[in-house]
Amino acid sequence: MPNITQVFLLAALCASPALAADTQTNRPKAYTDILACRAVADATARLACFDTASKALEDATDNRQIVMLDQDDVRKTKKSLFGFSLPKIPFFGESEEEQEAEFKQVEGQLTGVQSIGAGKYQFTVKDAGVWQTMEATAVLLKDGKPFVIKRGALGSFLLVMNGRGIRVKRVS
């Protein structure tokens, strides 16, 4: 079952590009209401404003109308989506340059390696899904071998092992 972070990310990706482009300036009302409370001069009224606004934010969070993520959750989500073709949107308040700089590759050790015939393999990357080689390879892939998957040209990906690149694609 997908976790709430993945559900939230997929819902945001389905939003119109125009809305996605404005994510830095258009904040949820529950958030802007809290910020507005700082402008209230009277201390008692300001406290009442904060109490009301924070309760509305809590309710929106409990009802999953607003989802809050810390930076670690954002990184995990980005890593879990590595290998998928997604639109470039300033999703987490980042510029396109910041998005490009992060997760140009994933690395680790192969797990769940299976031969799928014709010299091709399928394998699992921890926190980054299931991948398949797109071409037959003489390199024997087996569990525990270290690897790097890098972004290639034109949206492709390369599995690099022992200095040799093999074209791969993410399948789930």
# chains A, B, ... in the order shown; residues from 1 in each chain; ligands from 1
$ residues_around --residues "Glu135 in chain A" --least-positions-apart "6" --cutoff "10 Å" --atoms "only C-alpha atoms" --output "list in words"
Ala118, Gly119, Lys120, Tyr121, Ile166, Arg167 and Val168 of chain A
$ closest_residue --among "A:Leu154, A:Ile66, A:Val171, A:Met161" --to "Gln132 in chain A" --atoms "only C-alpha atoms"
A:Val171
$ closest_residue --among "A:Arg27, A:Arg38, A:Lys169, A:Lys126" --to "Gly152 in chain A" --atoms "only C-alpha atoms"
A:Lys169
$ closest_residue --among "A:Gly155, A:Asp70, A:Val148, A:Thr61" --to "Val106 in chain A" --atoms "only C-alpha atoms"
A:Val148
$ atom_distance --atom1 "CA of Arg170 in chain A" --atom2 "CA of Gly117 in chain A"
17.3 Å
$ residues_around --residues "Ala36 in chain A" --least-positions-apart "4" --cutoff "10 Å" --atoms "only C-alpha atoms" --output "ChimeraX atom specification"
/A:31-32,40,46,49-50,53
$ closest_residue --among "A:Ala45, A:Lys104, A:Leu140, A:Leu57" --to "Ala153 in chain A" --atoms "only C-alpha atoms"
A:Lys104
$ residues_around --residues "Ala56 in chain A" --least-positions-apart "4" --cutoff "9 Å" --atoms "only C-alpha atoms" --output "short mmCIF file (atom, residue, chain, number, x, y, z; two decimals) with N, CA, C and O atoms, in the first residue's frame"
data_model
loop_
_atom_site.label_atom_id
_atom_site.label_comp_id
_atom_site.auth_asym_id
_atom_site.auth_seq_id
_atom_site.Cartn_x
_atom_site.Cartn_y
_atom_site.Cartn_z
N ALA A 30 -4.87 27.60 5.45
CA ALA A 30 -4.58 27.30 6.85
C ALA A 30 -3.20 27.81 7.25
O ALA A 30 -2.99 28.26 8.38
N ASP A 33 -3.27 31.81 7.19
CA ASP A 33 -4.01 32.32 8.34
C ASP A 33 -3.12 32.39 9.58
O ASP A 33 -3.22 33.34 10.37
N ASP A 51 -4.57 30.36 18.12
CA ASP A 51 -5.28 29.15 18.55
C ASP A 51 -6.25 28.68 17.47
O ASP A 51 -6.30 27.48 17.14
N THR A 52 -7.03 29.60 16.91
CA THR A 52 -8.00 29.25 15.87
C THR A 52 -7.30 28.75 14.61
O THR A 52 -7.67 27.71 14.04
N ALA A 60 -6.90 20.30 9.07
CA ALA A 60 -6.58 20.08 7.66
C ALA A 60 -5.53 18.98 7.51
O ALA A 60 -5.59 18.17 6.58
N THR A 61 -4.57 18.94 8.41
CA THR A 61 -3.54 17.90 8.37
C THR A 61 -4.14 16.54 8.73
O THR A 61 -3.88 15.54 8.06
#
$ select_by_dssp --residues "range 35-170 of chain A" --states "strand (DSSP E)" --output "mmCIF file with all heavy atoms, in the first residue's frame"
data_model
loop_
_atom_site.group_PDB
_atom_site.id
_atom_site.type_symbol
_atom_site.label_atom_id
_atom_site.label_comp_id
_atom_site.auth_asym_id
_atom_site.auth_seq_id
_atom_site.Cartn_x
_atom_site.Cartn_y
_atom_site.Cartn_z
ATOM 1 N N GLN A 105 21.865 10.110 -9.801
ATOM 2 C CA GLN A 105 22.197 8.692 -9.778
ATOM 3 C C GLN A 105 21.780 8.075 -8.458
ATOM 4 O O GLN A 105 21.545 8.784 -7.481
ATOM 5 C CB GLN A 105 23.697 8.487 -9.994
ATOM 6 C CG GLN A 105 24.569 9.022 -8.866
ATOM 7 C CD GLN A 105 26.044 8.830 -9.147
ATOM 8 O OE1 GLN A 105 26.470 8.985 -10.277
ATOM 9 N NE2 GLN A 105 26.805 8.504 -8.130
ATOM 10 N N VAL A 106 21.642 6.760 -8.466
ATOM 11 C CA VAL A 106 21.446 5.986 -7.237
ATOM 12 C C VAL A 106 22.506 4.901 -7.232
ATOM 13 O O VAL A 106 22.977 4.473 -8.291
ATOM 14 C CB VAL A 106 20.035 5.362 -7.118
ATOM 15 C CG1 VAL A 106 18.977 6.418 -6.961
ATOM 16 C CG2 VAL A 106 19.717 4.453 -8.272
ATOM 17 N N GLU A 107 22.888 4.491 -6.042
ATOM 18 C CA GLU A 107 23.893 3.442 -5.951
ATOM 19 C C GLU A 107 23.576 2.532 -4.784
ATOM 20 O O GLU A 107 22.793 2.876 -3.908
ATOM 21 C CB GLU A 107 25.294 4.028 -5.831
ATOM 22 C CG GLU A 107 25.475 5.041 -4.721
ATOM 23 C CD GLU A 107 26.808 5.732 -4.817
ATOM 24 O OE1 GLU A 107 27.769 5.205 -4.223
ATOM 25 O OE2 GLU A 107 26.886 6.776 -5.473
ATOM 26 N N GLY A 108 24.166 1.356 -4.810
ATOM 27 C CA GLY A 108 23.938 0.388 -3.748
ATOM 28 C C GLY A 108 24.413 -0.984 -4.170
ATOM 29 O O GLY A 108 25.378 -1.114 -4.924
ATOM 30 N N GLN A 109 23.694 -1.989 -3.696
ATOM 31 C CA GLN A 109 24.007 -3.373 -4.045
ATOM 32 C C GLN A 109 22.763 -4.000 -4.662
ATOM 33 O O GLN A 109 21.645 -3.768 -4.199
ATOM 34 C CB GLN A 109 24.449 -4.163 -2.814
ATOM 35 C CG GLN A 109 25.757 -3.679 -2.248
ATOM 36 C CD GLN A 109 26.206 -4.529 -1.075
ATOM 37 O OE1 GLN A 109 25.406 -5.167 -0.402
ATOM 38 N NE2 GLN A 109 27.497 -4.543 -0.842
ATOM 39 N N THR A 111 19.828 -6.446 -5.541
ATOM 40 C CA THR A 111 19.031 -7.421 -4.802
ATOM 41 C C THR A 111 17.948 -7.950 -5.733
ATOM 42 O O THR A 111 17.564 -7.293 -6.696
ATOM 43 C CB THR A 111 18.355 -6.812 -3.551
ATOM 44 O OG1 THR A 111 17.517 -5.739 -3.951
ATOM 45 C CG2 THR A 111 19.384 -6.318 -2.549
ATOM 46 N N GLY A 112 17.461 -9.119 -5.450
ATOM 47 C CA GLY A 112 16.369 -9.710 -6.206
ATOM 48 C C GLY A 112 16.672 -9.896 -7.684
ATOM 49 O O GLY A 112 15.776 -9.780 -8.519
ATOM 50 N N VAL A 113 17.913 -10.187 -8.011
ATOM 51 C CA VAL A 113 18.301 -10.337 -9.424
ATOM 52 C C VAL A 113 17.676 -11.600 -10.000
ATOM 53 O O VAL A 113 17.757 -12.673 -9.408
ATOM 54 C CB VAL A 113 19.839 -10.398 -9.567
ATOM 55 C CG1 VAL A 113 20.227 -10.626 -11.021
ATOM 56 C CG2 VAL A 113 20.481 -9.124 -9.028
ATOM 57 N N GLN A 114 17.024 -11.448 -11.171
ATOM 58 C CA GLN A 114 16.414 -12.574 -11.872
ATOM 59 C C GLN A 114 16.746 -12.469 -13.350
ATOM 60 O O GLN A 114 16.687 -11.390 -13.924
ATOM 61 C CB GLN A 114 14.890 -12.534 -11.750
ATOM 62 C CG GLN A 114 14.351 -12.567 -10.364
ATOM 63 C CD GLN A 114 12.831 -12.364 -10.376
ATOM 64 O OE1 GLN A 114 12.178 -12.531 -11.387
ATOM 65 N NE2 GLN A 114 12.288 -12.004 -9.235
ATOM 66 N N SER A 115 17.073 -13.563 -13.951
ATOM 67 C CA SER A 115 17.253 -13.592 -15.393
ATOM 68 C C SER A 115 15.864 -13.610 -16.027
ATOM 69 O O SER A 115 14.989 -14.367 -15.605
ATOM 70 C CB SER A 115 18.028 -14.846 -15.816
ATOM 71 O OG SER A 115 18.067 -14.923 -17.223
ATOM 72 N N ILE A 116 15.666 -12.752 -17.036
ATOM 73 C CA ILE A 116 14.366 -12.737 -17.718
ATOM 74 C C ILE A 116 14.509 -13.234 -19.157
ATOM 75 O O ILE A 116 13.641 -13.030 -19.988
ATOM 76 C CB ILE A 116 13.715 -11.338 -17.669
ATOM 77 C CG1 ILE A 116 14.622 -10.257 -18.243
ATOM 78 C CG2 ILE A 116 13.294 -11.007 -16.256
ATOM 79 C CD1 ILE A 116 13.965 -8.890 -18.351
ATOM 80 N N GLY A 117 15.630 -13.899 -19.420
ATOM 81 C CA GLY A 117 15.854 -14.509 -20.731
ATOM 82 C C GLY A 117 16.580 -13.596 -21.697
ATOM 83 O O GLY A 117 16.630 -12.378 -21.513
ATOM 84 N N LYS A 120 19.032 -10.830 -20.527
ATOM 85 C CA LYS A 120 18.522 -9.659 -19.807
ATOM 86 C C LYS A 120 18.190 -10.038 -18.373
ATOM 87 O O LYS A 120 17.940 -11.197 -18.069
ATOM 88 C CB LYS A 120 17.279 -9.103 -20.502
ATOM 89 C CG LYS A 120 17.544 -8.589 -21.903
ATOM 90 C CD LYS A 120 16.264 -8.055 -22.512
ATOM 91 C CE LYS A 120 16.491 -7.595 -23.936
ATOM 92 N NZ LYS A 120 15.252 -7.086 -24.538
ATOM 93 N N TYR A 121 18.177 -9.009 -17.508
ATOM 94 C CA TYR A 121 17.939 -9.227 -16.093
ATOM 95 C C TYR A 121 16.917 -8.240 -15.548
ATOM 96 O O TYR A 121 16.738 -7.155 -16.090
ATOM 97 C CB TYR A 121 19.243 -9.045 -15.287
ATOM 98 C CG TYR A 121 20.285 -10.080 -15.559
ATOM 99 C CD1 TYR A 121 21.221 -9.901 -16.577
ATOM 100 C CD2 TYR A 121 20.353 -11.229 -14.799
ATOM 101 C CE1 TYR A 121 22.201 -10.844 -16.825
ATOM 102 C CE2 TYR A 121 21.325 -12.187 -15.035
ATOM 103 C CZ TYR A 121 22.244 -11.986 -16.048
ATOM 104 O OH TYR A 121 23.210 -12.932 -16.291
ATOM 105 N N GLN A 122 16.320 -8.632 -14.448
ATOM 106 C CA GLN A 122 15.474 -7.737 -13.660
ATOM 107 C C GLN A 122 16.050 -7.731 -12.251
ATOM 108 O O GLN A 122 16.498 -8.769 -11.759
ATOM 109 C CB GLN A 122 14.028 -8.233 -13.643
ATOM 110 C CG GLN A 122 13.104 -7.353 -12.817
ATOM 111 C CD GLN A 122 11.647 -7.722 -13.029
ATOM 112 O OE1 GLN A 122 11.156 -7.657 -14.150
ATOM 113 N NE2 GLN A 122 10.971 -8.113 -11.968
ATOM 114 N N PHE A 123 16.050 -6.575 -11.609
ATOM 115 C CA PHE A 123 16.617 -6.470 -10.260
ATOM 116 C C PHE A 123 15.926 -5.360 -9.500
ATOM 117 O O PHE A 123 15.231 -4.518 -10.079
ATOM 118 C CB PHE A 123 18.132 -6.227 -10.323
ATOM 119 C CG PHE A 123 18.510 -4.998 -11.114
ATOM 120 C CD1 PHE A 123 18.702 -3.778 -10.490
ATOM 121 C CD2 PHE A 123 18.689 -5.071 -12.488
ATOM 122 C CE1 PHE A 123 19.046 -2.649 -11.217
ATOM 123 C CE2 PHE A 123 19.040 -3.959 -13.225
ATOM 124 C CZ PHE A 123 19.213 -2.733 -12.591
ATOM 125 N N THR A 124 16.120 -5.373 -8.195
ATOM 126 C CA THR A 124 15.508 -4.385 -7.316
ATOM 127 C C THR A 124 16.585 -3.450 -6.776
ATOM 128 O O THR A 124 17.681 -3.878 -6.435
ATOM 129 C CB THR A 124 14.797 -5.085 -6.136
ATOM 130 O OG1 THR A 124 13.819 -5.980 -6.670
ATOM 131 C CG2 THR A 124 14.118 -4.088 -5.215
ATOM 132 N N VAL A 130 11.970 -1.401 -9.130
ATOM 133 C CA VAL A 130 12.401 -2.574 -9.897
ATOM 134 C C VAL A 130 12.844 -2.101 -11.280
ATOM 135 O O VAL A 130 12.166 -1.293 -11.918
ATOM 136 C CB VAL A 130 11.253 -3.594 -10.018
ATOM 137 C CG1 VAL A 130 11.675 -4.794 -10.856
ATOM 138 C CG2 VAL A 130 10.790 -4.045 -8.625
ATOM 139 N N TRP A 131 13.970 -2.623 -11.732
ATOM 140 C CA TRP A 131 14.583 -2.225 -12.995
ATOM 141 C C TRP A 131 14.829 -3.451 -13.864
ATOM 142 O O TRP A 131 14.943 -4.556 -13.344
ATOM 143 C CB TRP A 131 15.920 -1.530 -12.725
ATOM 144 C CG TRP A 131 15.793 -0.242 -11.970
ATOM 145 C CD1 TRP A 131 15.480 -0.076 -10.658
ATOM 146 C CD2 TRP A 131 15.968 1.056 -12.502
ATOM 147 N NE1 TRP A 131 15.460 1.241 -10.332
ATOM 148 C CE2 TRP A 131 15.762 1.980 -11.448
ATOM 149 C CE3 TRP A 131 16.301 1.555 -13.760
ATOM 150 C CZ2 TRP A 131 15.860 3.343 -11.622
ATOM 151 C CZ3 TRP A 131 16.405 2.924 -13.931
ATOM 152 C CH2 TRP A 131 16.179 3.808 -12.870
ATOM 153 N N GLN A 132 14.943 -3.214 -15.180
ATOM 154 C CA GLN A 132 15.312 -4.273 -16.116
ATOM 155 C C GLN A 132 16.392 -3.760 -17.050
ATOM 156 O O GLN A 132 16.396 -2.583 -17.412
ATOM 157 C CB GLN A 132 14.114 -4.687 -16.982
ATOM 158 C CG GLN A 132 13.063 -5.463 -16.254
ATOM 159 C CD GLN A 132 11.909 -5.844 -17.166
ATOM 160 O OE1 GLN A 132 11.820 -5.417 -18.300
ATOM 161 N NE2 GLN A 132 11.015 -6.666 -16.645
ATOM 162 N N THR A 133 17.275 -4.666 -17.423
ATOM 163 C CA THR A 133 18.245 -4.302 -18.462
ATOM 164 C C THR A 133 17.494 -4.277 -19.789
ATOM 165 O O THR A 133 16.548 -5.038 -20.004
ATOM 166 C CB THR A 133 19.414 -5.301 -18.531
ATOM 167 O OG1 THR A 133 18.898 -6.608 -18.789
ATOM 168 C CG2 THR A 133 20.218 -5.308 -17.234
ATOM 169 N N PRO A 146 27.929 -4.402 -6.184
ATOM 170 C CA PRO A 146 27.733 -2.951 -6.127
ATOM 171 C C PRO A 146 27.430 -2.388 -7.514
ATOM 172 O O PRO A 146 27.894 -2.914 -8.523
ATOM 173 C CB PRO A 146 29.072 -2.428 -5.602
ATOM 174 C CG PRO A 146 30.052 -3.496 -5.924
ATOM 175 C CD PRO A 146 29.314 -4.795 -5.943
ATOM 176 N N PHE A 147 26.645 -1.320 -7.549
ATOM 177 C CA PHE A 147 26.258 -0.712 -8.817
ATOM 178 C C PHE A 147 26.026 0.775 -8.636
ATOM 179 O O PHE A 147 25.897 1.280 -7.524
ATOM 180 C CB PHE A 147 24.961 -1.338 -9.344
ATOM 181 C CG PHE A 147 23.764 -0.911 -8.546
ATOM 182 C CD1 PHE A 147 23.047 0.224 -8.892
ATOM 183 C CD2 PHE A 147 23.367 -1.610 -7.425
ATOM 184 C CE1 PHE A 147 21.961 0.638 -8.138
ATOM 185 C CE2 PHE A 147 22.291 -1.211 -6.671
ATOM 186 C CZ PHE A 147 21.583 -0.083 -7.024
ATOM 187 N N VAL A 148 25.916 1.473 -9.761
ATOM 188 C CA VAL A 148 25.461 2.854 -9.832
ATOM 189 C C VAL A 148 24.522 2.913 -11.029
ATOM 190 O O VAL A 148 24.838 2.378 -12.091
ATOM 191 C CB VAL A 148 26.632 3.844 -10.037
ATOM 192 C CG1 VAL A 148 26.131 5.258 -10.237
ATOM 193 C CG2 VAL A 148 27.600 3.796 -8.867
ATOM 194 N N ILE A 149 23.367 3.546 -10.870
ATOM 195 C CA ILE A 149 22.501 3.831 -12.008
ATOM 196 C C ILE A 149 22.558 5.333 -12.211
ATOM 197 O O ILE A 149 22.245 6.104 -11.300
ATOM 198 C CB ILE A 149 21.045 3.368 -11.787
ATOM 199 C CG1 ILE A 149 20.984 1.858 -11.636
ATOM 200 C CG2 ILE A 149 20.164 3.829 -12.966
ATOM 201 C CD1 ILE A 149 19.584 1.319 -11.368
ATOM 202 N N LYS A 150 22.973 5.739 -13.413
ATOM 203 C CA LYS A 150 23.123 7.153 -13.752
ATOM 204 C C LYS A 150 22.129 7.533 -14.837
ATOM 205 O O LYS A 150 21.750 6.701 -15.651
ATOM 206 C CB LYS A 150 24.530 7.435 -14.285
ATOM 207 C CG LYS A 150 25.625 7.178 -13.303
ATOM 208 C CD LYS A 150 26.965 7.510 -13.924
ATOM 209 C CE LYS A 150 28.087 7.330 -12.914
ATOM 210 N NZ LYS A 150 29.369 7.770 -13.445
ATOM 211 N N ARG A 151 21.775 8.798 -14.835
ATOM 212 C CA ARG A 151 20.962 9.323 -15.928
ATOM 213 C C ARG A 151 21.819 9.361 -17.177
ATOM 214 O O ARG A 151 22.966 9.790 -17.150
ATOM 215 C CB ARG A 151 20.475 10.729 -15.623
ATOM 216 C CG ARG A 151 19.464 10.790 -14.503
ATOM 217 C CD ARG A 151 18.920 12.208 -14.339
ATOM 218 N NE ARG A 151 18.064 12.288 -13.200
ATOM 219 C CZ ARG A 151 16.763 11.984 -13.208
ATOM 220 N NH1 ARG A 151 16.204 11.583 -14.326
ATOM 221 N NH2 ARG A 151 16.043 12.078 -12.117
ATOM 222 N N PHE A 157 18.765 5.602 -18.839
ATOM 223 C CA PHE A 157 19.503 5.315 -17.613
ATOM 224 C C PHE A 157 20.522 4.220 -17.885
ATOM 225 O O PHE A 157 20.272 3.318 -18.684
ATOM 226 C CB PHE A 157 18.546 4.880 -16.497
ATOM 227 C CG PHE A 157 17.616 5.967 -16.077
ATOM 228 C CD1 PHE A 157 16.395 6.147 -16.706
ATOM 229 C CD2 PHE A 157 17.967 6.848 -15.067
ATOM 230 C CE1 PHE A 157 15.534 7.165 -16.337
ATOM 231 C CE2 PHE A 157 17.126 7.872 -14.686
ATOM 232 C CZ PHE A 157 15.907 8.036 -15.325
ATOM 233 N N LEU A 158 21.668 4.332 -17.213
ATOM 234 C CA LEU A 158 22.738 3.357 -17.359
ATOM 235 C C LEU A 158 23.057 2.721 -16.021
ATOM 236 O O LEU A 158 23.282 3.416 -15.031
ATOM 237 C CB LEU A 158 24.007 4.018 -17.887
ATOM 238 C CG LEU A 158 24.021 4.475 -19.328
ATOM 239 C CD1 LEU A 158 25.327 5.208 -19.628
ATOM 240 C CD2 LEU A 158 23.860 3.296 -20.261
ATOM 241 N N LEU A 159 23.090 1.396 -16.011
ATOM 242 C CA LEU A 159 23.572 0.649 -14.861
ATOM 243 C C LEU A 159 25.072 0.510 -15.068
ATOM 244 O O LEU A 159 25.507 -0.043 -16.080
ATOM 245 C CB LEU A 159 22.913 -0.733 -14.806
ATOM 246 C CG LEU A 159 23.489 -1.725 -13.797
ATOM 247 C CD1 LEU A 159 23.169 -1.286 -12.378
ATOM 248 C CD2 LEU A 159 22.932 -3.116 -14.060
ATOM 249 N N VAL A 160 25.855 1.040 -14.149
ATOM 250 C CA VAL A 160 27.309 0.983 -14.277
ATOM 251 C C VAL A 160 27.850 0.020 -13.234
ATOM 252 O O VAL A 160 27.621 0.192 -12.033
ATOM 253 C CB VAL A 160 27.947 2.379 -14.112
ATOM 254 C CG1 VAL A 160 29.454 2.302 -14.241
ATOM 255 C CG2 VAL A 160 27.361 3.355 -15.121
ATOM 256 N N MET A 161 28.552 -1.018 -13.744
ATOM 257 C CA MET A 161 29.195 -2.001 -12.883
ATOM 258 C C MET A 161 30.564 -2.291 -13.477
ATOM 259 O O MET A 161 30.671 -2.526 -14.688
ATOM 260 C CB MET A 161 28.369 -3.292 -12.827
ATOM 261 C CG MET A 161 27.028 -3.110 -12.154
ATOM 262 S SD MET A 161 26.047 -4.624 -12.145
ATOM 263 C CE MET A 161 27.121 -5.740 -11.292
ATOM 264 N N ARG A 164 31.565 -0.601 -16.667
ATOM 265 C CA ARG A 164 30.817 -0.885 -17.890
ATOM 266 C C ARG A 164 29.366 -0.450 -17.722
ATOM 267 O O ARG A 164 28.738 -0.724 -16.703
ATOM 268 C CB ARG A 164 30.874 -2.380 -18.183
ATOM 269 C CG ARG A 164 30.170 -2.742 -19.447
ATOM 270 C CD ARG A 164 30.615 -4.072 -19.974
ATOM 271 N NE ARG A 164 29.877 -4.317 -21.204
ATOM 272 C CZ ARG A 164 29.408 -5.477 -21.568
ATOM 273 N NH1 ARG A 164 29.655 -6.531 -20.813
ATOM 274 N NH2 ARG A 164 28.747 -5.618 -22.681
ATOM 275 N N GLY A 165 28.812 0.205 -18.740
ATOM 276 C CA GLY A 165 27.432 0.687 -18.687
ATOM 277 C C GLY A 165 26.476 -0.217 -19.440
ATOM 278 O O GLY A 165 26.773 -0.675 -20.544
ATOM 279 N N ILE A 166 25.330 -0.452 -18.853
ATOM 280 C CA ILE A 166 24.278 -1.267 -19.454
ATOM 281 C C ILE A 166 22.999 -0.440 -19.404
ATOM 282 O O ILE A 166 22.621 0.041 -18.330
ATOM 283 C CB ILE A 166 24.078 -2.591 -18.683
ATOM 284 C CG1 ILE A 166 25.375 -3.357 -18.556
ATOM 285 C CG2 ILE A 166 22.978 -3.431 -19.328
ATOM 286 C CD1 ILE A 166 25.355 -4.441 -17.489
ATOM 287 N N ARG A 167 22.333 -0.278 -20.545
ATOM 288 C CA ARG A 167 21.083 0.488 -20.556
ATOM 289 C C ARG A 167 20.017 -0.259 -19.746
ATOM 290 O O ARG A 167 19.840 -1.469 -19.905
ATOM 291 C CB ARG A 167 20.585 0.712 -21.978
ATOM 292 C CG ARG A 167 21.409 1.732 -22.714
ATOM 293 C CD ARG A 167 20.888 2.083 -24.110
ATOM 294 N NE ARG A 167 20.185 1.020 -24.795
ATOM 295 C CZ ARG A 167 18.923 1.125 -25.240
ATOM 296 N NH1 ARG A 167 18.241 2.230 -25.082
ATOM 297 N NH2 ARG A 167 18.353 0.106 -25.862
ATOM 298 N N VAL A 168 19.319 0.492 -18.875
ATOM 299 C CA VAL A 168 18.267 -0.078 -18.040
ATOM 300 C C VAL A 168 17.043 0.835 -18.056
ATOM 301 O O VAL A 168 17.130 1.998 -18.434
ATOM 302 C CB VAL A 168 18.736 -0.296 -16.576
ATOM 303 C CG1 VAL A 168 19.811 -1.347 -16.490
ATOM 304 C CG2 VAL A 168 19.193 1.001 -15.940
ATOM 305 N N LYS A 169 15.916 0.269 -17.620
ATOM 306 C CA LYS A 169 14.697 1.058 -17.475
ATOM 307 C C LYS A 169 14.019 0.649 -16.184
ATOM 308 O O LYS A 169 14.139 -0.486 -15.711
ATOM 309 C CB LYS A 169 13.751 0.849 -18.650
ATOM 310 C CG LYS A 169 13.186 -0.567 -18.747
ATOM 311 C CD LYS A 169 12.233 -0.699 -19.918
ATOM 312 C CE LYS A 169 11.710 -2.149 -20.003
ATOM 313 N NZ LYS A 169 10.787 -2.313 -21.104
ATOM 314 N N ARG A 170 13.315 1.596 -15.602
ATOM 315 C CA ARG A 170 12.565 1.290 -14.383
ATOM 316 C C ARG A 170 11.213 0.730 -14.797
ATOM 317 O O ARG A 170 10.545 1.276 -15.660
ATOM 318 C CB ARG A 170 12.395 2.556 -13.546
ATOM 319 C CG ARG A 170 11.634 2.273 -12.271
ATOM 320 C CD ARG A 170 11.931 3.214 -11.188
ATOM 321 N NE ARG A 170 11.126 2.866 -10.027
ATOM 322 C CZ ARG A 170 11.019 3.629 -8.971
ATOM 323 N NH1 ARG A 170 11.674 4.761 -8.909
ATOM 324 N NH2 ARG A 170 10.278 3.254 -7.968
#
$ closest_residue --among "A:Ser156, A:Asp72, A:Ser172, A:Val125" --to "Gly144 in chain A" --atoms "only C-alpha atoms"
A:Val125
$ atom_distance --atom1 "CA of Gly129 in chain A" --atom2 "CA of Thr77 in chain A"
11.6 Å
$ atom_distance --atom1 "CA of Glu58 in chain A" --atom2 "CA of Leu35 in chain A"
14.7 Å
